Amino acid sequence: MDEGDAAVLEGWTQQKRPLAWNKRFDFADYAQTRAFLDDLAALSEESGYYPDLNFARTHVVVTIQFDGDQVAPRLREFARKADACAQRPPG
């Protein structure tokens, strides 16, 4: 794995054992939170990966757990797409 593959994506934090990435997404209201959760559900169906989620009215914490000590390319892509989902305008 090259250095670029090992780098944590901007805004995500890395936990060492077990290897996982975490990110908290904050929203203005429940409607935006719900829209993000719906987008994540669609992304999970499309990719076949289901991250751990913790959420409240105006935030969602996404945890992506990796197998072993490698950051799988498909899970790196999931993180990128989750970031994109959070940037979508409401409605």
# chains A, B, ... in the order shown; residues from 1 in each chain; ligands from 1
$ select_by_dssp --residues "chain A" --states "strand (DSSP E)" --output "MDAnalysis selection string"
chainID A and resid 13:15 20:26 52:56 59:65
$ residues_around --residues "segment 40-47 of chain A" --least-positions-apart "5" --cutoff "12 Å" --atoms "only C-alpha atoms" --output "NGL selection string"
:A and (25 or 33-35 or 52-53 or 60-62 or 64 or 73-86 or 88)
$ atom_distance --atom1 "atom CA of Gly68 of chain A" --atom2 "atom CA of Pro18 of chain A"
7.6 Å
$ closest_residue --among "A:Ala20, A:Ala28, A:Pro89, A:Phe55" --to "Asp67 of chain A" --atoms "only C-alpha atoms"
A:Ala20
$ atom_distance --atom1 "atom CA of Asp26 of chain A" --atom2 "atom CA of Gln70 of chain A"
28.1 Å
$ select_by_dssp --residues "segment 29-91 of chain A" --states "alpha helix (DSSP H)" --output "mmCIF file with C-alpha atoms, in the first residue's frame"
data_model
loop_
_atom_site.group_PDB
_atom_site.id
_atom_site.type_symbol
_atom_site.label_atom_id
_atom_site.label_comp_id
_atom_site.auth_asym_id
_atom_site.auth_seq_id
_atom_site.Cartn_x
_atom_site.Cartn_y
_atom_site.Cartn_z
ATOM 1 C CA TYR A 30 -33.482 17.060 11.769
ATOM 2 C CA ALA A 31 -34.656 17.245 8.143
ATOM 3 C CA GLN A 32 -31.054 17.618 6.962
ATOM 4 C CA THR A 33 -29.913 14.840 9.295
ATOM 5 C CA ARG A 34 -32.649 12.553 7.970
ATOM 6 C CA ALA A 35 -31.763 13.350 4.341
ATOM 7 C CA PHE A 36 -28.117 12.472 5.051
ATOM 8 C CA LEU A 37 -29.142 9.191 6.706
ATOM 9 C CA ASP A 38 -31.315 8.366 3.676
ATOM 10 C CA ASP A 39 -28.389 9.117 1.341
ATOM 11 C CA LEU A 40 -26.107 6.904 3.451
ATOM 12 C CA ALA A 41 -28.669 4.098 3.278
ATOM 13 C CA ALA A 42 -28.704 4.338 -0.523
ATOM 14 C CA LEU A 43 -24.895 4.445 -0.601
ATOM 15 C CA SER A 44 -24.751 1.349 1.603
ATOM 16 C CA GLU A 45 -27.148 -0.526 -0.668
ATOM 17 C CA GLU A 46 -25.092 0.483 -3.715
ATOM 18 C CA SER A 47 -21.714 -0.414 -2.192
ATOM 19 C CA PRO A 73 -9.966 1.079 -1.442
ATOM 20 C CA ARG A 74 -13.740 0.427 -1.514
ATOM 21 C CA LEU A 75 -14.084 1.735 2.058
ATOM 22 C CA ARG A 76 -11.940 4.795 1.270
ATOM 23 C CA GLU A 77 -14.360 5.445 -1.594
ATOM 24 C CA PHE A 78 -17.320 4.980 0.770
ATOM 25 C CA ALA A 79 -15.852 7.704 3.028
ATOM 26 C CA ARG A 80 -15.437 10.045 0.050
ATOM 27 C CA LYS A 81 -19.016 9.453 -1.042
ATOM 28 C CA ALA A 82 -20.310 9.974 2.518
ATOM 29 C CA ASP A 83 -18.538 13.347 2.505
ATOM 30 C CA ALA A 84 -20.261 14.176 -0.791
ATOM 31 C CA CYS A 85 -23.660 13.186 0.645
ATOM 32 C CA ALA A 86 -23.161 15.656 3.496
ATOM 33 C CA GLN A 87 -22.465 18.472 1.010
#
$ atom_distance --atom1 "atom CA of Val71 of chain A" --atom2 "atom CA of Arg17 of chain A"
12.8 Å
$ residues_around --residues "segment 7-13 of chain A" --least-positions-apart "5" --cutoff "7 Å" --atoms "only C-alpha atoms" --output "list of chain:residue names"
A:Trp21, A:Asn22, A:Lys23
$ decode --residues "chain A" --atoms "C-alpha atoms" --output "mmCIF file, in the first residue's frame"
data_model
loop_
_atom_site.group_PDB
_atom_site.id
_atom_site.type_symbol
_atom_site.label_atom_id
_atom_site.label_comp_id
_atom_site.auth_asym_id
_atom_site.auth_seq_id
_atom_site.Cartn_x
_atom_site.Cartn_y
_atom_site.Cartn_z
ATOM 1 C CA MET A 1 0.000 0.000 0.000
ATOM 2 C CA ASP A 2 1.483 3.378 -0.911
ATOM 3 C CA GLU A 3 1.600 6.433 1.351
ATOM 4 C CA GLY A 4 -1.415 8.032 -0.366
ATOM 5 C CA ASP A 5 -3.549 4.980 0.346
ATOM 6 C CA ALA A 6 -2.649 5.078 4.052
ATOM 7 C CA ALA A 7 -3.517 8.739 4.545
ATOM 8 C CA VAL A 8 -6.690 9.541 6.444
ATOM 9 C CA LEU A 9 -9.160 11.575 4.413
ATOM 10 C CA GLU A 10 -9.557 15.193 5.491
ATOM 11 C CA GLY A 11 -11.988 15.590 8.376
ATOM 12 C CA TRP A 12 -11.856 11.927 9.371
ATOM 13 C CA THR A 13 -9.986 10.655 12.430
ATOM 14 C CA GLN A 14 -8.273 7.313 12.624
ATOM 15 C CA GLN A 15 -8.532 4.858 15.454
ATOM 16 C CA LYS A 16 -5.688 2.327 15.595
ATOM 17 C CA ARG A 17 -7.147 -0.858 17.114
ATOM 18 C CA PRO A 18 -9.262 -1.942 15.489
ATOM 19 C CA LEU A 19 -8.390 0.166 12.475
ATOM 20 C CA ALA A 20 -11.326 2.490 11.781
ATOM 21 C CA TRP A 21 -12.124 5.973 10.559
ATOM 22 C CA ASN A 22 -14.656 8.207 12.343
ATOM 23 C CA LYS A 23 -16.286 11.450 11.334
ATOM 24 C CA ARG A 24 -19.017 13.566 12.873
ATOM 25 C CA PHE A 25 -21.354 15.325 10.444
ATOM 26 C CA ASP A 26 -23.350 18.255 11.880
ATOM 27 C CA PHE A 27 -26.591 19.563 10.397
ATOM 28 C CA ALA A 28 -28.850 22.555 10.987
ATOM 29 C CA ASP A 29 -31.995 20.527 11.679
ATOM 30 C CA TYR A 30 -33.482 17.060 11.769
ATOM 31 C CA ALA A 31 -34.656 17.245 8.143
ATOM 32 C CA GLN A 32 -31.054 17.618 6.962
ATOM 33 C CA THR A 33 -29.913 14.840 9.295
ATOM 34 C CA ARG A 34 -32.649 12.553 7.970
ATOM 35 C CA ALA A 35 -31.763 13.350 4.341
ATOM 36 C CA PHE A 36 -28.117 12.472 5.051
ATOM 37 C CA LEU A 37 -29.142 9.191 6.706
ATOM 38 C CA ASP A 38 -31.315 8.366 3.676
ATOM 39 C CA ASP A 39 -28.389 9.117 1.341
ATOM 40 C CA LEU A 40 -26.107 6.904 3.451
ATOM 41 C CA ALA A 41 -28.669 4.098 3.278
ATOM 42 C CA ALA A 42 -28.704 4.338 -0.523
ATOM 43 C CA LEU A 43 -24.895 4.445 -0.601
ATOM 44 C CA SER A 44 -24.751 1.349 1.603
ATOM 45 C CA GLU A 45 -27.148 -0.526 -0.668
ATOM 46 C CA GLU A 46 -25.092 0.483 -3.715
ATOM 47 C CA SER A 47 -21.714 -0.414 -2.192
ATOM 48 C CA GLY A 48 -22.679 -3.357 0.006
ATOM 49 C CA TYR A 49 -20.996 -1.745 3.018
ATOM 50 C CA TYR A 50 -22.891 -0.716 6.142
ATOM 51 C CA PRO A 51 -20.929 1.547 8.513
ATOM 52 C CA ASP A 52 -21.620 1.943 12.202
ATOM 53 C CA LEU A 53 -23.809 4.999 12.774
ATOM 54 C CA ASN A 54 -24.616 6.987 15.882
ATOM 55 C CA PHE A 55 -26.948 9.912 15.468
ATOM 56 C CA ALA A 56 -29.058 12.477 17.219
ATOM 57 C CA ARG A 57 -31.326 15.249 15.997
ATOM 58 C CA THR A 58 -28.615 17.328 14.307
ATOM 59 C CA HIS A 59 -25.565 15.103 13.922
ATOM 60 C CA VAL A 60 -24.406 11.733 12.658
ATOM 61 C CA VAL A 61 -21.175 9.967 13.591
ATOM 62 C CA VAL A 62 -20.027 7.526 10.898
ATOM 63 C CA THR A 63 -17.503 4.810 11.775
ATOM 64 C CA ILE A 64 -15.910 2.823 8.975
ATOM 65 C CA GLN A 65 -14.129 -0.265 10.283
ATOM 66 C CA PHE A 66 -11.417 -1.856 8.181
ATOM 67 C CA ASP A 67 -10.401 -5.525 8.044
ATOM 68 C CA GLY A 68 -6.925 -6.020 9.483
ATOM 69 C CA ASP A 69 -4.388 -3.230 9.138
ATOM 70 C CA GLN A 70 -5.182 -2.187 5.569
ATOM 71 C CA VAL A 71 -7.451 0.605 4.381
ATOM 72 C CA ALA A 72 -9.518 -1.073 1.687
ATOM 73 C CA PRO A 73 -9.966 1.079 -1.442
ATOM 74 C CA ARG A 74 -13.740 0.427 -1.514
ATOM 75 C CA LEU A 75 -14.084 1.735 2.058
ATOM 76 C CA ARG A 76 -11.940 4.795 1.270
ATOM 77 C CA GLU A 77 -14.360 5.445 -1.594
ATOM 78 C CA PHE A 78 -17.320 4.980 0.770
ATOM 79 C CA ALA A 79 -15.852 7.704 3.028
ATOM 80 C CA ARG A 80 -15.437 10.045 0.050
ATOM 81 C CA LYS A 81 -19.016 9.453 -1.042
ATOM 82 C CA ALA A 82 -20.310 9.974 2.518
ATOM 83 C CA ASP A 83 -18.538 13.347 2.505
ATOM 84 C CA ALA A 84 -20.261 14.176 -0.791
ATOM 85 C CA CYS A 85 -23.660 13.186 0.645
ATOM 86 C CA ALA A 86 -23.161 15.656 3.496
ATOM 87 C CA GLN A 87 -22.465 18.472 1.010
ATOM 88 C CA ARG A 88 -25.712 18.022 -0.919
ATOM 89 C CA PRO A 89 -28.133 20.905 -0.547
ATOM 90 C CA PRO A 90 -31.281 20.085 1.440
ATOM 91 C CA GLY A 91 -34.443 19.264 -0.433
#
